[in-house]
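> Have a look at the structure that comes next, please.
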There are 4 protein chains.
Amino acid sequence: MFSFDYKYRVRYADVDQMGYMYYGHYARLYEIGRVESLRSLGIRYRDFEDLGFIMPVYENKSRYISPAKYDELVTIRVILNKIPKARIVFNYEILSEEGVIIHNGETTLVFVNTANNRIITCPKNIEVALKPFFEAS
Amino acid sequence: MFSFDYKYRVRYADVDQMGYMYYGHYARLYEIGRVESLRSLGIRYRDFEDLGFIMPVYENKSRYISPAKYDELVTIRVILNKIPKARIVFNYEILSEEGVIIHNGETTLVFVNTANNRIITCPKNIEVALKPFFEAS
Amino acid sequence: MFSFDYKYRVRYADVDQMGYMYYGHYARLYEIGRVESLRSLGIRYRDFEDLGFIMPVYENKSRYISPAKYDELVTIRVILNKIPKARIVFNYEILSEEGVIIHNGETTLVFVNTANNRIITCPKNIEVALKPFFEAS
Amino acid sequence: MFSFDYKYRVRYADVDQMGYMYYGHYARLYEIGRVESLRSLGIRYRDFEDLGFIMPVYENKSRYISPAKYDELVTIRVILNKIPKARIVFNYEILSEEGVIIHNGETTLVFVNTANNRIITCPKNIEVALKPFFEAS
């Protein structure tokens with residue numbers, strides 16, 4: 001299992017008139033979690049696009065347990081439960097400032113070669129970087 | 001079954017550097033679909049909040065089949081498959097300008113009384129307005 | 001002078017915890033106003049980009065008189081005070097549901113040829129479409 | 001003069017199909033700059049709202065010199081040129097990853113007492129915290 005934590009400050013731009021983070025803005029937190037977890041492995045998504053690959057989102061799921069509030073410093077926890085093959089599945093837990101899980105999410109992405117617009121399997125460098133986290137100890 | 005269609009023009013603000021609508025912005029389309037479908041039944045969500053009720057999102061699911069593109073005039077189709085009780089489940093289909101389903105979504109919301117912050121069942125006026133669509137013919 | 005009105009419904013996604021439209025979201029309304037005013041003249045900005053031109057924003061100014069509120073059906077009024085040459089200057093007035101001006105804005109854009117990334121003067125079709133509005137009567 | 005720097009990573013959610021940060025999203029960077037510069041002085045805007053004050057935006061100006069690009073780690077530089085009285089004027093410079101100024105902004109905010117919805121002068125704690133930066137040396 002691979003797990004990665006990243007802090008995010010909830011902004012005025014994120015919050016609705018209930019005083020809660022707008023339900024559509026969690027996708028931004030997921031994106032930040034994905035990109036920063038890959039960066040922690042030495043993989044920059046921007047290089048990935050420069051090499052002619054994109055990772056379109058195929059599926060996204062969110063469960064809202066408690067709201068994130070204005071100026072709260074939440075934790076985005078990114079979890080990968082298995083080595084990606086045709087798809088990569090990111091799981092997320094959002095933790096409140098007090099460390100309580102207030103939100104769960106899951107995003108499934110595919111890998112596409114922009115040259116011919118075809119779906120490919122997970123690029124080697126991502127697989128290699130993730131492998132040590134999934135080896136029997 | 002209750003079904004309602006609403007047109008939405010994809011804006012520059014919605015589109016990412018792949019030229020696709022950003023995956024997090026579909027939630028805005030769902031919101032528009034929900035609010036406008038209720039308005040078509042004579043129910044304004046803003047009155048609802050003024051009466052001391054809110055409808056927080058409990059769960060949200062999205063499937064991205066094909067991307068919505070810049071300036072495309074998509075159709076947001078809102079579908080209710082049953083009369084809401086403790087929860088209300090909105091299903092969505094997003095149709096491209098050519099009328100092809102390019103996206104599916106589902107949002108589950110609950111009803112909360114803001115006076116005591118407790119979950120309540122579906123307000124009568126929503127139930128009454130929806131009933132005719134679910135009667136045996 | 002060229003003037004064009006377009007209706008916009010303020011969404012939950014637009015409003016902050018003061019219950020006001022977030023100050024950064026007026027830029028979206030300006031964009032909608034620009035694109036729809038051009039469409040009313042038979043010019044689609046998307047065709048424009050397909051032909052190899054873009055219109056980056058050079059300057060933007062906003063004055064917030066009174067807030068736009070949730071679910072309010074505001075009017076975006078787009079005004080062009082002169083025929084564009086090197087730059088195009090869009091002025092905006094946002095009117096409340098009661099018809100009161102609650103906001104002013106101004107955006108200056110330039111024209112860029114994407115082939116060589118150079119600034120050009122206003123394309124002929126925009127100038128021609130606007131000319132009748134600026135002729136002496 | 002008071003000056004404060006804060007780093008911001010440009011996200012996929014921020015970038016449009018030109019590959020540039022969408023012109024309306026700079027307002028989010030300004031907000032982050034304002035709030036974090038105040039935090040550096042020991043002032044939390046959220047406490048401010050809890051005490052019954054809000055700071056609505058009165059005016060906003062942006063000049064776009066060069067675009068901020070996807071995944072770029074820009075610097076938000078916040079500058080206060082004088083001690084606020086009836087209004088507070090924040091100036092901003094956005095610097096590219098290479099340290100070049102690519103954007104200028106300016107936001108004027110007022111202070112409002114939410115109890116009676118009236119405009120007030122700058123609260124004492126903000127004035128006191130800023131004073132040392134404006135004293136003759």
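Identifiers in the structure tokens: chain A, B, ... in order shown; residue index from 1 per chain; ligand index from 1 in order shown.
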So which residues touch A:Ile79 within 7 Å, counting only C-alpha atoms, skipping near sequence neighbours fewer than 3 positions away, as number ranges by chain?
A: 2-4, 90-92
> Just the selected residues (C-alpha atoms), exported as a PDB file, in the first residue's frame, please.

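Generated output (part-v2.pdb):
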ATOM      1  CA  PHE A   2       1.163   3.509  -0.795  1.00  0.00           C
ATOM      2  CA  SER A   3      -0.047   6.400   1.328  1.00  0.00           C
ATOM      3  CA  PHE A   4       0.777  10.101   1.200  1.00  0.00           C
ATOM      4  CA  PHE A  90      -6.610   6.773  -6.129  1.00  0.00           C
ATOM      5  CA  ASN A  91      -8.412   6.636  -2.792  1.00  0.00           C
ATOM      6  CA  TYR A  92      -8.596   9.678  -0.555  1.00  0.00           C
TER       7      TYR A  92
END
> Give me, as a list in words, all polymer residues having an atom no more than 7 Å from stretch 56-64 of chain D, counting only C-alpha atoms and skipping those fewer than 3 positions away in the same chain.
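These residues fall inside the cut-off: Tyr23, Val57, Tyr58, Glu59, Asn60, Lys61, Ser62, Arg63, Tyr64 and Ile65 of chain C; Pro67, Ile102, His103, Asn104, Gly105, Glu106, Thr107, Thr108, Leu109, Val110 and Phe111 of chain D.
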> Filtering to N, CA and C atoms, could you give me those residues as a compact mmCIF listing (two decimals), in the first residue's frame?

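Saved to result-v6.txt:
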# COMPACT_ATOMS: atom_id res chain seq x y z
N TYR C 23 -15.87 37.34 -5.21
CA TYR C 23 -15.40 38.46 -6.05
C TYR C 23 -14.65 38.00 -7.30
N VAL C 57 -6.40 38.02 -22.15
CA VAL C 57 -6.78 39.19 -21.38
C VAL C 57 -5.52 39.96 -20.99
N TYR C 58 -5.55 41.28 -21.20
CA TYR C 58 -4.41 42.12 -20.85
C TYR C 58 -4.66 42.85 -19.51
N GLU C 59 -5.90 43.27 -19.33
CA GLU C 59 -6.22 44.04 -18.13
C GLU C 59 -7.66 43.77 -17.72
N ASN C 60 -7.91 43.79 -16.43
CA ASN C 60 -9.27 43.57 -15.93
C ASN C 60 -9.51 44.45 -14.71
N LYS C 61 -10.66 45.09 -14.68
CA LYS C 61 -11.01 45.96 -13.55
C LYS C 61 -12.44 45.68 -13.11
N SER C 62 -12.65 45.70 -11.82
CA SER C 62 -13.97 45.42 -11.27
C SER C 62 -14.29 46.39 -10.16
N ARG C 63 -15.51 46.90 -10.14
CA ARG C 63 -15.98 47.68 -9.01
C ARG C 63 -17.25 47.01 -8.47
N TYR C 64 -17.20 46.71 -7.15
CA TYR C 64 -18.26 45.98 -6.47
C TYR C 64 -19.12 46.96 -5.70
N ILE C 65 -20.31 47.24 -6.20
CA ILE C 65 -21.18 48.23 -5.56
C ILE C 65 -22.07 47.54 -4.53
N PRO D 67 1.56 34.74 -18.97
CA PRO D 67 0.69 33.77 -18.29
C PRO D 67 1.44 32.92 -17.26
N ILE D 102 5.14 38.47 -13.61
CA ILE D 102 4.29 38.14 -14.75
C ILE D 102 2.88 38.72 -14.61
N HIS D 103 2.61 39.34 -13.47
CA HIS D 103 1.24 39.79 -13.21
C HIS D 103 1.25 40.81 -12.07
N ASN D 104 0.39 41.84 -12.19
CA ASN D 104 0.19 42.80 -11.12
C ASN D 104 -1.29 42.85 -10.74
N GLY D 105 -1.55 43.08 -9.49
CA GLY D 105 -2.94 43.21 -9.05
C GLY D 105 -3.08 44.19 -7.91
N GLU D 106 -4.30 44.62 -7.70
CA GLU D 106 -4.58 45.55 -6.59
C GLU D 106 -6.01 45.36 -6.14
N THR D 107 -6.22 45.15 -4.86
CA THR D 107 -7.57 44.98 -4.32
C THR D 107 -7.79 45.99 -3.20
N THR D 108 -8.92 46.66 -3.27
CA THR D 108 -9.33 47.58 -2.20
C THR D 108 -10.51 46.96 -1.46
N LEU D 109 -10.38 46.84 -0.16
CA LEU D 109 -11.45 46.29 0.66
C LEU D 109 -11.89 47.31 1.71
N VAL D 110 -13.13 47.16 2.13
CA VAL D 110 -13.64 48.00 3.22
C VAL D 110 -13.92 47.10 4.43
N PHE D 111 -14.16 47.74 5.56
CA PHE D 111 -14.45 47.02 6.80
C PHE D 111 -15.91 47.24 7.16
> Please report as JSON lines every residue of chain C lying within 7 Å of chain B, along with the nearest atom pair and their distance in Å (one decimal), using only C-alpha atoms.

{"residue": "C:Ala13", "atom": "CA", "partner": "B:Arg28", "partner_atom": "CA", "distance": 6.5}
{"residue": "C:Arg28", "atom": "CA", "partner": "B:Ala13", "partner_atom": "CA", "distance": 6.5}
{"residue": "C:Arg46", "atom": "CA", "partner": "B:Asp71", "partner_atom": "CA", "distance": 6.7}
{"residue": "C:Asp71", "atom": "CA", "partner": "B:Arg46", "partner_atom": "CA", "distance": 6.7}
> Report the residues of stretch 25-135 of chain A whose backbone DSSP state falls under strand (DSSP E), written as a PyMOL selection string.
chain A and resi 53-54+57-64+73-80+87-95+101-113+118-120
> What separation in Å, quoted to one decimal, exists between atom CA of D:Phe134 and atom CA of D:Met1?
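That distance, rounded to one decimal, is 5.6 Å.
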> Quick one: residues within 8 Å of stretch 125-133 of chain A, only C-alpha atoms, excluding same-chain residues fewer than 5 positions away - as a compact mmCIF listing (two decimals) with N, CA, C and O atoms, in the first residue's frame?

# COMPACT_ATOMS: atom_id res chain seq x y z
N MET A 1 0.84 -1.20 0.00
CA MET A 1 0.00 0.00 0.00
C MET A 1 0.87 1.25 0.00
O MET A 1 1.88 1.31 0.67
N PHE A 2 0.46 2.23 -0.78
CA PHE A 2 1.16 3.51 -0.80
C PHE A 2 0.23 4.57 -0.22
O PHE A 2 -0.93 4.66 -0.60
N LEU A 41 7.18 10.75 -5.36
CA LEU A 41 7.84 9.56 -5.93
C LEU A 41 8.81 9.95 -7.05
O LEU A 41 9.36 9.09 -7.73
N GLY A 42 8.96 11.26 -7.26
CA GLY A 42 9.87 11.72 -8.30
C GLY A 42 9.23 11.82 -9.68
O GLY A 42 9.92 11.97 -10.69
N ILE A 43 7.90 11.74 -9.72
CA ILE A 43 7.18 11.81 -11.00
C ILE A 43 6.40 13.12 -11.09
O ILE A 43 5.56 13.39 -10.23
N ILE A 83 -0.89 -1.80 -7.41
CA ILE A 83 -0.09 -1.27 -8.52
C ILE A 83 -1.00 -1.11 -9.74
O ILE A 83 -1.72 -2.04 -10.11
N PRO A 84 -1.00 0.06 -10.36
CA PRO A 84 -1.88 0.28 -11.52
C PRO A 84 -1.50 -0.57 -12.72
O PRO A 84 -0.32 -0.81 -12.97
> If we count only C-alpha atoms, what is near D:Gln17 at a cut-off of 6 Å, once residues fewer than 4 positions away on the same chain are taken out, given as a ChimeraX atom specification?
/B:16-17,19
> Include N, CA and C atoms and write out the residues we just selected as a JSON list (two decimals), in the first residue's frame.

[["chain", "number", "residue", "atom", "x", "y", "z"],
["B", 16, "ASP", "N", -10.10, 22.65, -19.22],
["B", 16, "ASP", "CA", -8.69, 22.54, -18.83],
["B", 16, "ASP", "C", -7.78, 22.50, -20.06],
["B", 17, "GLN", "N", -6.49, 22.27, -19.85],
["B", 17, "GLN", "CA", -5.57, 22.37, -20.98],
["B", 17, "GLN", "C", -5.61, 21.14, -21.92],
["B", 19, "GLY", "N", -8.42, 20.64, -23.16],
["B", 19, "GLY", "CA", -9.54, 21.09, -23.97],
["B", 19, "GLY", "C", -10.85, 20.44, -23.55]]
